[in-house]
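Structure below is query_1.cif: mmCIF, C-alpha atoms; chains and numbers go by the auth columns.
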```cif
data_entry
#
loop_
_atom_site.group_PDB
_atom_site.id
_atom_site.type_symbol
_atom_site.label_atom_id
_atom_site.label_comp_id
_atom_site.label_asym_id
_atom_site.label_seq_id
_atom_site.Cartn_x
_atom_site.Cartn_y
_atom_site.Cartn_z
_atom_site.B_iso_or_equiv
_atom_site.auth_seq_id
_atom_site.auth_asym_id
ATOM 1 C CA MET A 1 54.071 -4.439 -10.440 0.00 1 Y
ATOM 2 C CA SER A 2 57.843 -4.736 -10.189 0.00 2 Y
ATOM 3 C CA THR A 3 59.651 -8.013 -9.505 0.00 3 Y
ATOM 4 C CA PRO A 4 61.048 -8.313 -5.948 0.00 4 Y
ATOM 5 C CA SER A 5 64.748 -7.459 -5.897 0.00 5 Y
ATOM 6 C CA SER A 6 65.728 -10.846 -4.418 0.00 6 Y
ATOM 7 C CA LEU A 7 63.939 -12.615 -7.292 0.00 7 Y
ATOM 8 C CA GLU A 8 65.620 -10.319 -9.823 0.00 8 Y
ATOM 9 C CA SER A 9 68.980 -11.161 -8.247 0.00 9 Y
ATOM 10 C CA LEU A 10 68.229 -14.889 -8.517 0.00 10 Y
ATOM 11 C CA ILE A 11 67.240 -14.552 -12.191 0.00 11 Y
ATOM 12 C CA GLU A 12 70.391 -12.567 -12.929 0.00 12 Y
ATOM 13 C CA ALA A 13 72.556 -15.121 -11.085 0.00 13 Y
ATOM 14 C CA LEU A 14 71.061 -18.007 -13.085 0.00 14 Y
ATOM 15 C CA ARG A 15 72.061 -16.279 -16.315 0.00 15 Y
ATOM 16 C CA CYS A 16 75.715 -17.121 -15.597 0.00 16 Y
ATOM 17 C CA LEU A 17 74.951 -20.749 -16.471 0.00 17 Y
ATOM 18 C CA PRO A 18 75.898 -21.829 -20.012 0.00 18 Y
ATOM 19 C CA GLY A 19 72.954 -21.846 -22.398 0.00 19 Y
ATOM 20 C CA VAL A 20 70.646 -20.032 -19.972 0.00 20 Y
ATOM 21 C CA GLY A 21 69.274 -16.801 -21.383 0.00 21 Y
ATOM 22 C CA PRO A 22 66.949 -14.260 -19.745 0.00 22 Y
ATOM 23 C CA LYS A 23 63.722 -16.212 -20.344 0.00 23 Y
ATOM 24 C CA SER A 24 65.178 -19.553 -19.235 0.00 24 Y
ATOM 25 C CA ALA A 25 66.633 -17.950 -16.115 0.00 25 Y
ATOM 26 C CA GLN A 26 63.247 -16.457 -15.297 0.00 26 Y
ATOM 27 C CA ARG A 27 61.471 -19.821 -15.802 0.00 27 Y
ATOM 28 C CA ILE A 28 63.991 -21.641 -13.590 0.00 28 Y
ATOM 29 C CA ALA A 29 63.775 -19.017 -10.842 0.00 29 Y
ATOM 30 C CA TYR A 30 59.970 -19.043 -10.775 0.00 30 Y
ATOM 31 C CA HIS A 31 59.880 -22.845 -10.890 0.00 31 Y
ATOM 32 C CA LEU A 32 62.240 -23.149 -7.917 0.00 32 Y
ATOM 33 C CA MET A 33 60.362 -20.573 -5.854 0.00 33 Y
ATOM 34 C CA GLN A 34 56.865 -21.766 -6.770 0.00 34 Y
ATOM 35 C CA HIS A 35 57.177 -25.547 -7.118 0.00 35 Y
ATOM 36 C CA ASP A 36 60.440 -26.755 -5.602 0.00 36 Y
ATOM 37 C CA ARG A 37 61.668 -24.685 -2.675 0.00 37 Y
ATOM 38 C CA ALA A 38 63.246 -27.815 -1.152 0.00 38 Y
ATOM 39 C CA GLY A 39 65.143 -28.353 -4.397 0.00 39 Y
ATOM 40 C CA ALA A 40 66.230 -24.723 -4.343 0.00 40 Y
ATOM 41 C CA GLN A 41 67.563 -25.192 -0.810 0.00 41 Y
ATOM 42 C CA ARG A 42 69.443 -28.367 -1.826 0.00 42 Y
ATOM 43 C CA LEU A 43 70.927 -26.481 -4.775 0.00 43 Y
ATOM 44 C CA ALA A 44 71.993 -23.578 -2.564 0.00 44 Y
ATOM 45 C CA ASP A 45 73.511 -25.926 0.036 0.00 45 Y
ATOM 46 C CA ALA A 46 75.343 -28.029 -2.566 0.00 46 Y
ATOM 47 C CA LEU A 47 76.708 -24.944 -4.315 0.00 47 Y
ATOM 48 C CA GLY A 48 77.881 -23.454 -1.024 0.00 48 Y
ATOM 49 C CA GLN A 49 79.533 -26.726 -0.010 0.00 49 Y
ATOM 50 C CA ALA A 50 81.244 -27.096 -3.389 0.00 50 Y
ATOM 51 C CA LEU A 51 82.613 -23.556 -3.194 0.00 51 Y
ATOM 52 C CA LEU A 52 84.058 -24.278 0.246 0.00 52 Y
ATOM 53 C CA ALA A 53 85.385 -27.800 -0.376 0.00 53 Y
ATOM 54 C CA LEU A 54 86.668 -27.872 -3.952 0.00 54 Y
ATOM 55 C CA ARG A 55 90.169 -26.861 -4.972 0.00 55 Y
ATOM 56 C CA HIS A 56 92.536 -27.644 -7.840 0.00 56 Y
ATOM 57 C CA CYS A 57 94.672 -30.790 -7.692 0.00 57 Y
ATOM 58 C CA ARG A 58 98.318 -29.784 -7.272 0.00 58 Y
ATOM 59 C CA ARG A 59 99.384 -32.272 -9.959 0.00 59 Y
ATOM 60 C CA CYS A 60 96.671 -32.397 -12.625 0.00 60 Y
ATOM 61 C CA ASN A 61 94.705 -29.181 -11.916 0.00 61 Y
ATOM 62 C CA THR A 62 91.262 -30.849 -11.888 0.00 62 Y
ATOM 63 C CA PHE A 63 88.761 -30.289 -9.084 0.00 63 Y
ATOM 64 C CA THR A 64 89.337 -32.233 -5.882 0.00 64 Y
ATOM 65 C CA GLU A 65 88.699 -31.969 -2.166 0.00 65 Y
ATOM 66 C CA SER A 66 92.290 -33.001 -1.364 0.00 66 Y
ATOM 67 C CA GLU A 67 95.642 -31.501 -2.239 0.00 67 Y
ATOM 68 C CA ILE A 68 96.175 -34.293 -4.785 0.00 68 Y
ATOM 69 C CA CYS A 69 93.244 -36.107 -6.416 0.00 69 Y
ATOM 70 C CA GLU A 70 92.658 -39.875 -6.204 0.00 70 Y
ATOM 71 C CA ARG A 71 93.484 -40.411 -9.873 0.00 71 Y
ATOM 72 C CA CYS A 72 96.928 -38.827 -9.509 0.00 72 Y
ATOM 73 C CA LEU A 73 97.601 -40.918 -6.383 0.00 73 Y
ATOM 74 C CA SER A 74 96.574 -44.196 -8.053 0.00 74 Y
ATOM 75 C CA THR A 75 99.392 -46.711 -8.505 0.00 75 Y
ATOM 76 C CA ARG A 76 97.427 -48.432 -11.294 0.00 76 Y
ATOM 77 C CA ARG A 77 97.820 -45.517 -13.728 0.00 77 Y
ATOM 78 C CA ASP A 78 100.714 -45.269 -16.223 0.00 78 Y
ATOM 79 C CA ALA A 79 102.645 -42.233 -14.931 0.00 79 Y
ATOM 80 C CA GLY A 80 104.636 -42.111 -18.189 0.00 80 Y
ATOM 81 C CA LEU A 81 101.592 -40.931 -20.158 0.00 81 Y
ATOM 82 C CA LEU A 82 100.161 -37.462 -19.633 0.00 82 Y
ATOM 83 C CA CYS A 83 96.994 -36.455 -21.483 0.00 83 Y
ATOM 84 C CA VAL A 84 96.235 -32.722 -21.676 0.00 84 Y
ATOM 85 C CA VAL A 85 92.560 -31.736 -21.868 0.00 85 Y
ATOM 86 C CA GLU A 86 90.683 -28.443 -21.737 0.00 86 Y
ATOM 87 C CA THR A 87 88.155 -29.227 -18.991 0.00 87 Y
ATOM 88 C CA PRO A 88 87.313 -31.811 -16.299 0.00 88 Y
ATOM 89 C CA VAL A 89 84.312 -32.818 -18.449 0.00 89 Y
ATOM 90 C CA ASP A 90 86.693 -33.705 -21.312 0.00 90 Y
ATOM 91 C CA MET A 91 88.743 -35.800 -18.889 0.00 91 Y
ATOM 92 C CA ASN A 92 85.613 -37.640 -17.729 0.00 92 Y
ATOM 93 C CA MET A 93 84.649 -38.381 -21.344 0.00 93 Y
ATOM 94 C CA LEU A 94 88.081 -39.892 -22.023 0.00 94 Y
ATOM 95 C CA GLU A 95 87.824 -41.964 -18.842 0.00 95 Y
ATOM 96 C CA GLN A 96 84.494 -43.389 -20.015 0.00 96 Y
ATOM 97 C CA THR A 97 86.204 -44.912 -23.068 0.00 97 Y
ATOM 98 C CA HIS A 98 88.305 -47.211 -20.786 0.00 98 Y
ATOM 99 C CA ALA A 99 90.972 -46.876 -23.506 0.00 99 Y
ATOM 100 C CA TYR A 100 93.441 -44.739 -21.568 0.00 100 Y
ATOM 101 C CA SER A 101 95.266 -45.636 -18.368 0.00 101 Y
ATOM 102 C CA GLY A 102 97.680 -42.728 -18.005 0.00 102 Y
ATOM 103 C CA LEU A 103 97.414 -39.485 -16.055 0.00 103 Y
ATOM 104 C CA TYR A 104 95.958 -36.097 -17.012 0.00 104 Y
ATOM 105 C CA TYR A 105 96.546 -32.394 -16.904 0.00 105 Y
ATOM 106 C CA VAL A 106 93.450 -30.157 -17.099 0.00 106 Y
ATOM 107 C CA LEU A 107 94.035 -26.706 -18.583 0.00 107 Y
ATOM 108 C CA MET A 108 90.731 -25.274 -17.295 0.00 108 Y
ATOM 109 C CA GLY A 109 90.409 -23.380 -20.563 0.00 109 Y
ATOM 110 C CA ARG A 110 91.991 -22.884 -23.958 0.00 110 Y
ATOM 111 C CA VAL A 111 93.975 -20.275 -25.837 0.00 111 Y
ATOM 112 C CA SER A 112 91.489 -17.705 -27.143 0.00 112 Y
ATOM 113 C CA PRO A 113 93.048 -14.348 -28.108 0.00 113 Y
ATOM 114 C CA LEU A 114 89.611 -12.814 -28.792 0.00 114 Y
ATOM 115 C CA ASP A 115 88.666 -13.497 -25.167 0.00 115 Y
ATOM 116 C CA GLY A 116 92.030 -12.295 -23.867 0.00 116 Y
ATOM 117 C CA VAL A 117 93.193 -15.812 -22.967 0.00 117 Y
ATOM 118 C CA GLY A 118 96.765 -16.576 -23.926 0.00 118 Y
ATOM 119 C CA PRO A 119 99.302 -19.160 -22.710 0.00 119 Y
ATOM 120 C CA ALA A 120 100.053 -17.027 -19.618 0.00 120 Y
ATOM 121 C CA GLU A 121 96.401 -17.047 -18.512 0.00 121 Y
ATOM 122 C CA LEU A 122 96.361 -20.856 -18.714 0.00 122 Y
ATOM 123 C CA HIS A 123 99.448 -21.076 -16.452 0.00 123 Y
ATOM 124 C CA LEU A 124 101.196 -23.346 -18.931 0.00 124 Y
ATOM 125 C CA GLN A 125 104.403 -23.202 -16.884 0.00 125 Y
ATOM 126 C CA ARG A 126 102.667 -25.495 -14.377 0.00 126 Y
ATOM 127 C CA LEU A 127 101.967 -27.976 -17.173 0.00 127 Y
ATOM 128 C CA LEU A 128 105.548 -27.706 -18.387 0.00 128 Y
ATOM 129 C CA ALA A 129 106.900 -28.447 -14.916 0.00 129 Y
ATOM 130 C CA ARG A 130 104.525 -31.407 -14.625 0.00 130 Y
ATOM 131 C CA ALA A 131 105.440 -32.825 -18.046 0.00 131 Y
ATOM 132 C CA ALA A 132 109.183 -32.400 -17.490 0.00 132 Y
ATOM 133 C CA ASP A 133 109.247 -34.304 -14.189 0.00 133 Y
ATOM 134 C CA GLY A 134 111.495 -37.035 -15.621 0.00 134 Y
ATOM 135 C CA ILE A 135 108.719 -39.652 -15.458 0.00 135 Y
ATOM 136 C CA VAL A 136 106.473 -38.538 -18.333 0.00 136 Y
ATOM 137 C CA ARG A 137 107.604 -40.092 -21.609 0.00 137 Y
ATOM 138 C CA GLU A 138 104.723 -38.923 -23.843 0.00 138 Y
ATOM 139 C CA VAL A 139 102.312 -35.997 -23.701 0.00 139 Y
ATOM 140 C CA ILE A 140 99.029 -36.588 -25.524 0.00 140 Y
ATOM 141 C CA ILE A 141 97.253 -33.384 -26.520 0.00 141 Y
ATOM 142 C CA ALA A 142 93.490 -33.932 -26.409 0.00 142 Y
ATOM 143 C CA THR A 143 92.160 -30.407 -26.832 0.00 143 Y
ATOM 144 C CA ASN A 144 88.997 -29.898 -28.887 0.00 144 Y
ATOM 145 C CA PHE A 145 89.094 -29.547 -32.668 0.00 145 Y
ATOM 146 C CA THR A 146 87.816 -25.973 -32.605 0.00 146 Y
ATOM 147 C CA ASN A 147 89.906 -23.011 -33.750 0.00 147 Y
ATOM 148 C CA GLU A 148 90.750 -22.280 -30.113 0.00 148 Y
ATOM 149 C CA GLY A 149 91.497 -25.936 -29.382 0.00 149 Y
ATOM 150 C CA GLU A 150 93.815 -26.142 -32.385 0.00 150 Y
ATOM 151 C CA ALA A 151 95.596 -22.927 -31.351 0.00 151 Y
ATOM 152 C CA THR A 152 96.022 -24.395 -27.874 0.00 152 Y
ATOM 153 C CA ALA A 153 97.363 -27.664 -29.284 0.00 153 Y
ATOM 154 C CA HIS A 154 99.852 -25.770 -31.442 0.00 154 Y
ATOM 155 C CA ALA A 155 101.096 -23.638 -28.532 0.00 155 Y
ATOM 156 C CA LEU A 156 101.417 -26.713 -26.317 0.00 156 Y
ATOM 157 C CA SER A 157 103.244 -28.835 -28.883 0.00 157 Y
ATOM 158 C CA GLU A 158 105.781 -26.061 -29.571 0.00 158 Y
ATOM 159 C CA MET A 159 106.411 -25.502 -25.889 0.00 159 Y
ATOM 160 C CA LEU A 160 106.696 -29.198 -25.019 0.00 160 Y
ATOM 161 C CA ARG A 161 108.836 -30.177 -28.012 0.00 161 Y
ATOM 162 C CA ASN A 162 111.268 -27.373 -27.185 0.00 162 Y
ATOM 163 C CA ARG A 163 111.829 -29.196 -23.897 0.00 163 Y
ATOM 164 C CA GLY A 164 112.599 -32.433 -25.756 0.00 164 Y
ATOM 165 C CA LEU A 165 109.337 -34.146 -24.820 0.00 165 Y
ATOM 166 C CA SER A 166 107.514 -36.622 -27.065 0.00 166 Y
ATOM 167 C CA VAL A 167 104.178 -35.066 -28.067 0.00 167 Y
ATOM 168 C CA SER A 168 101.193 -36.640 -29.844 0.00 168 Y
ATOM 169 C CA ARG A 169 97.704 -35.387 -30.765 0.00 169 Y
ATOM 170 C CA ILE A 170 94.493 -37.415 -30.655 0.00 170 Y
ATOM 171 C CA ALA A 171 93.290 -38.283 -34.156 0.00 171 Y
ATOM 172 C CA ARG A 172 90.186 -37.056 -35.927 0.00 172 Y
ATOM 173 C CA GLY A 173 88.136 -39.055 -38.353 0.00 173 Y
ATOM 174 C CA VAL A 174 84.987 -40.981 -39.127 0.00 174 Y
ATOM 175 C CA PRO A 175 83.047 -41.926 -35.977 0.00 175 Y
ATOM 176 C CA VAL A 176 82.772 -45.607 -35.045 0.00 176 Y
ATOM 177 C CA GLY A 177 79.670 -46.979 -36.757 0.00 177 Y
ATOM 178 C CA GLY A 178 79.482 -43.932 -39.020 0.00 178 Y
ATOM 179 C CA GLU A 179 78.563 -44.160 -42.699 0.00 179 Y
ATOM 180 C CA LEU A 180 80.552 -42.049 -45.145 0.00 180 Y
ATOM 181 C CA GLU A 181 77.504 -40.511 -46.804 0.00 181 Y
ATOM 182 C CA PHE A 182 76.510 -38.901 -43.494 0.00 182 Y
ATOM 183 C CA VAL A 183 79.977 -37.641 -42.495 0.00 183 Y
ATOM 184 C CA ASP A 184 80.752 -33.965 -43.140 0.00 184 Y
ATOM 185 C CA SER A 185 83.436 -33.215 -45.727 0.00 185 Y
ATOM 186 C CA GLY A 186 85.840 -31.641 -43.214 0.00 186 Y
ATOM 187 C CA THR A 187 85.839 -34.754 -41.025 0.00 187 Y
ATOM 188 C CA LEU A 188 86.211 -36.996 -44.063 0.00 188 Y
ATOM 189 C CA ALA A 189 89.146 -34.948 -45.386 0.00 189 Y
ATOM 190 C CA GLN A 190 90.852 -35.177 -42.006 0.00 190 Y
ATOM 191 C CA ALA A 191 90.267 -38.939 -41.884 0.00 191 Y
ATOM 192 C CA LEU A 192 92.021 -39.260 -45.249 0.00 192 Y
ATOM 193 C CA ARG A 193 94.960 -37.146 -44.104 0.00 193 Y
ATOM 194 C CA GLU A 194 95.330 -39.149 -40.887 0.00 194 Y
ATOM 195 C CA ARG A 195 94.992 -42.579 -42.508 0.00 195 Y
ATOM 196 C CA ARG A 196 97.306 -45.325 -41.250 0.00 196 Y
ATOM 197 C CA GLN A 197 98.826 -48.481 -42.690 0.00 197 Y
ATOM 198 C CA LEU A 198 97.041 -51.758 -42.001 0.00 198 Y
ATOM 199 C CA ALA A 199 99.071 -54.569 -40.510 0.00 199 Y
ATOM 200 C CA GLY A 200 99.657 -57.217 -43.125 0.00 200 Y
#
```
Could I get this file's structure written as structure tokens?
Amino acid sequence: MSTPSSLESLIEALRCLPGVGPKSAQRIAYHLMQHDRAGAQRLADALGQALLALRHCRRCNTFTESEICERCLSTRRDAGLLCVVETPVDMNMLEQTHAYSGLYYVLMGRVSPLDGVGPAELHLQRLLARAADGIVREVIIATNFTNEGEATAHALSEMLRNRGLSVSRIARGVPVGGELEFVDSGTLAQALRERRQLAG
């Protein structure tokens, strides 16, 4: 017996989620239809509402329901610091540290030539205009330490330095509470390269 076309469409739609393969999509679809139709309706409503209400902040490019997000409008943030991240999730992680009080710019991606994503696809001119507003005194690049993240950081630093902006990159190293014997050699090597002087 064939699967109803509407159920097939649901399974196929669920496969767009990261980490969800064919079997997982099928399990989720059957679970929602068999055990949690109310949850399925809430999911459908929330997704529809998000698609209608969310847009990109005109200043930092993250998701917001207003033209400019609350963080960018806050007078308690240091407008002279601009931290560039790949995704809104990365921005949220940095916020959870309570160690940064500046503003952000969210790229919504990263340079990835294999996927056909270059600087033009990331609309880096918008970032450049934002960083060169005369208020920003330092741009902190906080892209991931993947090959794509490093390529993005390199492209950004070249572009921003050519405009005379001060650019820094978040450091890599041994995690807080980490023991050297359990740290991978690449991280340890980077920690050695990025060592700093201790105040005397």
Review point. Which polymer residues have any atom within 9 Å of an atom of Ser101 of chain Y, counting only C-alpha atoms, with same-chain residues fewer than 6 positions away left out, as a list in words?
Key: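 Counting only C-alpha atoms, the residues come to Arg76, Arg77, Asp78, Ala79, Leu81 and Glu95 of chain Y.
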Practice item. Would you kindly translate the PyMOL selection byres ((chain Y and resi 57-71) around 12) into the concrete residues it picks from this file, as a PyMOL selection string? Key: chain Y and resi 49-56+72-79+82-92+95+101-109+122-124+126-131+133
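Residue selection for this entry, given the PyMOL selection byres ((chain Y and resi 26-35) around 12), comprises Thr3, Pro4, Ser6, Leu7, Glu8, Ser9, Leu10, Ile11, Glu12, Ala13, Leu14, Arg15, Leu17, Val20, Gly21, Pro22, Lys23, Ser24, Ala25, Asp36, Arg37, Ala38, Gly39, Ala40, Gln41, Arg42, Leu43 and Ala44 of chain Y.
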May I have the residues from that selection written out with C-alpha atoms, as a PDB file, keeping the file's coordinate frame?
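See part-v1.pdb below for the written result:
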```pdb
ATOM      1  CA  THR Y   3      59.651  -8.013  -9.505  1.00  0.00           C
ATOM      2  CA  PRO Y   4      61.048  -8.313  -5.948  1.00  0.00           C
ATOM      3  CA  SER Y   6      65.728 -10.846  -4.418  1.00  0.00           C
ATOM      4  CA  LEU Y   7      63.939 -12.615  -7.292  1.00  0.00           C
ATOM      5  CA  GLU Y   8      65.620 -10.319  -9.823  1.00  0.00           C
ATOM      6  CA  SER Y   9      68.980 -11.161  -8.247  1.00  0.00           C
ATOM      7  CA  LEU Y  10      68.229 -14.889  -8.517  1.00  0.00           C
ATOM      8  CA  ILE Y  11      67.240 -14.552 -12.191  1.00  0.00           C
ATOM      9  CA  GLU Y  12      70.391 -12.567 -12.929  1.00  0.00           C
ATOM     10  CA  ALA Y  13      72.556 -15.121 -11.085  1.00  0.00           C
ATOM     11  CA  LEU Y  14      71.061 -18.007 -13.085  1.00  0.00           C
ATOM     12  CA  ARG Y  15      72.061 -16.279 -16.315  1.00  0.00           C
ATOM     13  CA  LEU Y  17      74.951 -20.749 -16.471  1.00  0.00           C
ATOM     14  CA  VAL Y  20      70.646 -20.032 -19.972  1.00  0.00           C
ATOM     15  CA  GLY Y  21      69.274 -16.801 -21.383  1.00  0.00           C
ATOM     16  CA  PRO Y  22      66.949 -14.260 -19.745  1.00  0.00           C
ATOM     17  CA  LYS Y  23      63.722 -16.212 -20.344  1.00  0.00           C
ATOM     18  CA  SER Y  24      65.178 -19.553 -19.235  1.00  0.00           C
ATOM     19  CA  ALA Y  25      66.633 -17.950 -16.115  1.00  0.00           C
ATOM     20  CA  ASP Y  36      60.440 -26.755  -5.602  1.00  0.00           C
ATOM     21  CA  ARG Y  37      61.668 -24.685  -2.675  1.00  0.00           C
ATOM     22  CA  ALA Y  38      63.246 -27.815  -1.152  1.00  0.00           C
ATOM     23  CA  GLY Y  39      65.143 -28.353  -4.397  1.00  0.00           C
ATOM     24  CA  ALA Y  40      66.230 -24.723  -4.343  1.00  0.00           C
ATOM     25  CA  GLN Y  41      67.563 -25.192  -0.810  1.00  0.00           C
ATOM     26  CA  ARG Y  42      69.443 -28.367  -1.826  1.00  0.00           C
ATOM     27  CA  LEU Y  43      70.927 -26.481  -4.775  1.00  0.00           C
ATOM     28  CA  ALA Y  44      71.993 -23.578  -2.564  1.00  0.00           C
TER      29      ALA Y  44
END
```
Exercise for review: Name the residues captured by the PyMOL selection byres ((chain Y and resi 137) around 6) when it is applied to the shown file; answer as an MDAnalysis selection string.
Suggested key: chainID Y and resid 80 136 138
Excluding same-chain residues fewer than 2 positions from segment 161-174 of chain Y, what lies within 9 Å of it counting only C-alpha atoms, as a PDB file with C-alpha atoms, in the coordinates of the input?
```
ATOM      1  CA  LEU Y 128     105.548 -27.706 -18.387  1.00  0.00           C
ATOM      2  CA  ALA Y 131     105.440 -32.825 -18.046  1.00  0.00           C
ATOM      3  CA  ALA Y 132     109.183 -32.400 -17.490  1.00  0.00           C
ATOM      4  CA  VAL Y 136     106.473 -38.538 -18.333  1.00  0.00           C
ATOM      5  CA  ARG Y 137     107.604 -40.092 -21.609  1.00  0.00           C
ATOM      6  CA  GLU Y 138     104.723 -38.923 -23.843  1.00  0.00           C
ATOM      7  CA  VAL Y 139     102.312 -35.997 -23.701  1.00  0.00           C
ATOM      8  CA  ILE Y 140      99.029 -36.588 -25.524  1.00  0.00           C
ATOM      9  CA  ILE Y 141      97.253 -33.384 -26.520  1.00  0.00           C
ATOM     10  CA  ALA Y 142      93.490 -33.932 -26.409  1.00  0.00           C
ATOM     11  CA  THR Y 143      92.160 -30.407 -26.832  1.00  0.00           C
ATOM     12  CA  PHE Y 145      89.094 -29.547 -32.668  1.00  0.00           C
ATOM     13  CA  ALA Y 153      97.363 -27.664 -29.284  1.00  0.00           C
ATOM     14  CA  LEU Y 156     101.417 -26.713 -26.317  1.00  0.00           C
ATOM     15  CA  SER Y 157     103.244 -28.835 -28.883  1.00  0.00           C
ATOM     16  CA  GLU Y 158     105.781 -26.061 -29.571  1.00  0.00           C
ATOM     17  CA  MET Y 159     106.411 -25.502 -25.889  1.00  0.00           C
ATOM     18  CA  VAL Y 176      82.772 -45.607 -35.045  1.00  0.00           C
ATOM     19  CA  GLY Y 177      79.670 -46.979 -36.757  1.00  0.00           C
ATOM     20  CA  GLY Y 178      79.482 -43.932 -39.020  1.00  0.00           C
ATOM     21  CA  GLU Y 179      78.563 -44.160 -42.699  1.00  0.00           C
ATOM     22  CA  LEU Y 180      80.552 -42.049 -45.145  1.00  0.00           C
ATOM     23  CA  VAL Y 183      79.977 -37.641 -42.495  1.00  0.00           C
ATOM     24  CA  THR Y 187      85.839 -34.754 -41.025  1.00  0.00           C
ATOM     25  CA  LEU Y 188      86.211 -36.996 -44.063  1.00  0.00           C
ATOM     26  CA  ALA Y 189      89.146 -34.948 -45.386  1.00  0.00           C
ATOM     27  CA  GLN Y 190      90.852 -35.177 -42.006  1.00  0.00           C
ATOM     28  CA  ALA Y 191      90.267 -38.939 -41.884  1.00  0.00           C
ATOM     29  CA  LEU Y 192      92.021 -39.260 -45.249  1.00  0.00           C
ATOM     30  CA  GLU Y 194      95.330 -39.149 -40.887  1.00  0.00           C
ATOM     31  CA  ARG Y 195      94.992 -42.579 -42.508  1.00  0.00           C
TER      32      ARG Y 195
END
```
**Study point:** Separation of atom CA of Cys16 of chain Y from atom CA of Ala46 of chain Y in Å
**Key:** 17.0 Å
Revision key, fill the gap. Using all atoms listed in the file, the shortest atom-to-atom distance to Gln125 of chain Y among Y:Arg193, Y:Leu160, Y:Gly48, Y:Ser2 belongs to Y:Leu160
With 6 Å on each side, where is the centre of the axis-aligned box around all listed atoms of segment 12-15 of chain Y, and how long are its edges in Å to one decimal, as JSON?
```
{"center_x": 71.5, "center_y": -15.3, "center_z": -13.7, "size_x": 14.2, "size_y": 17.4, "size_z": 17.2}
```
Check your understanding: atom CA of Glu148 of chain Y to atom CA of Ala120 of chain Y: how many Å, to one decimal?
Key ->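 Separating atom CA of Glu148 of chain Y from atom CA of Ala120 of chain Y is a distance of 15.0 Å.
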Review point. Hey, can you check how far atom CA of Ser112 of chain Y sits from atom CA of Gly19 of chain Y?
Key: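 Going from atom CA of Ser112 of chain Y over to atom CA of Gly19 of chain Y, I get 19.6 Å.
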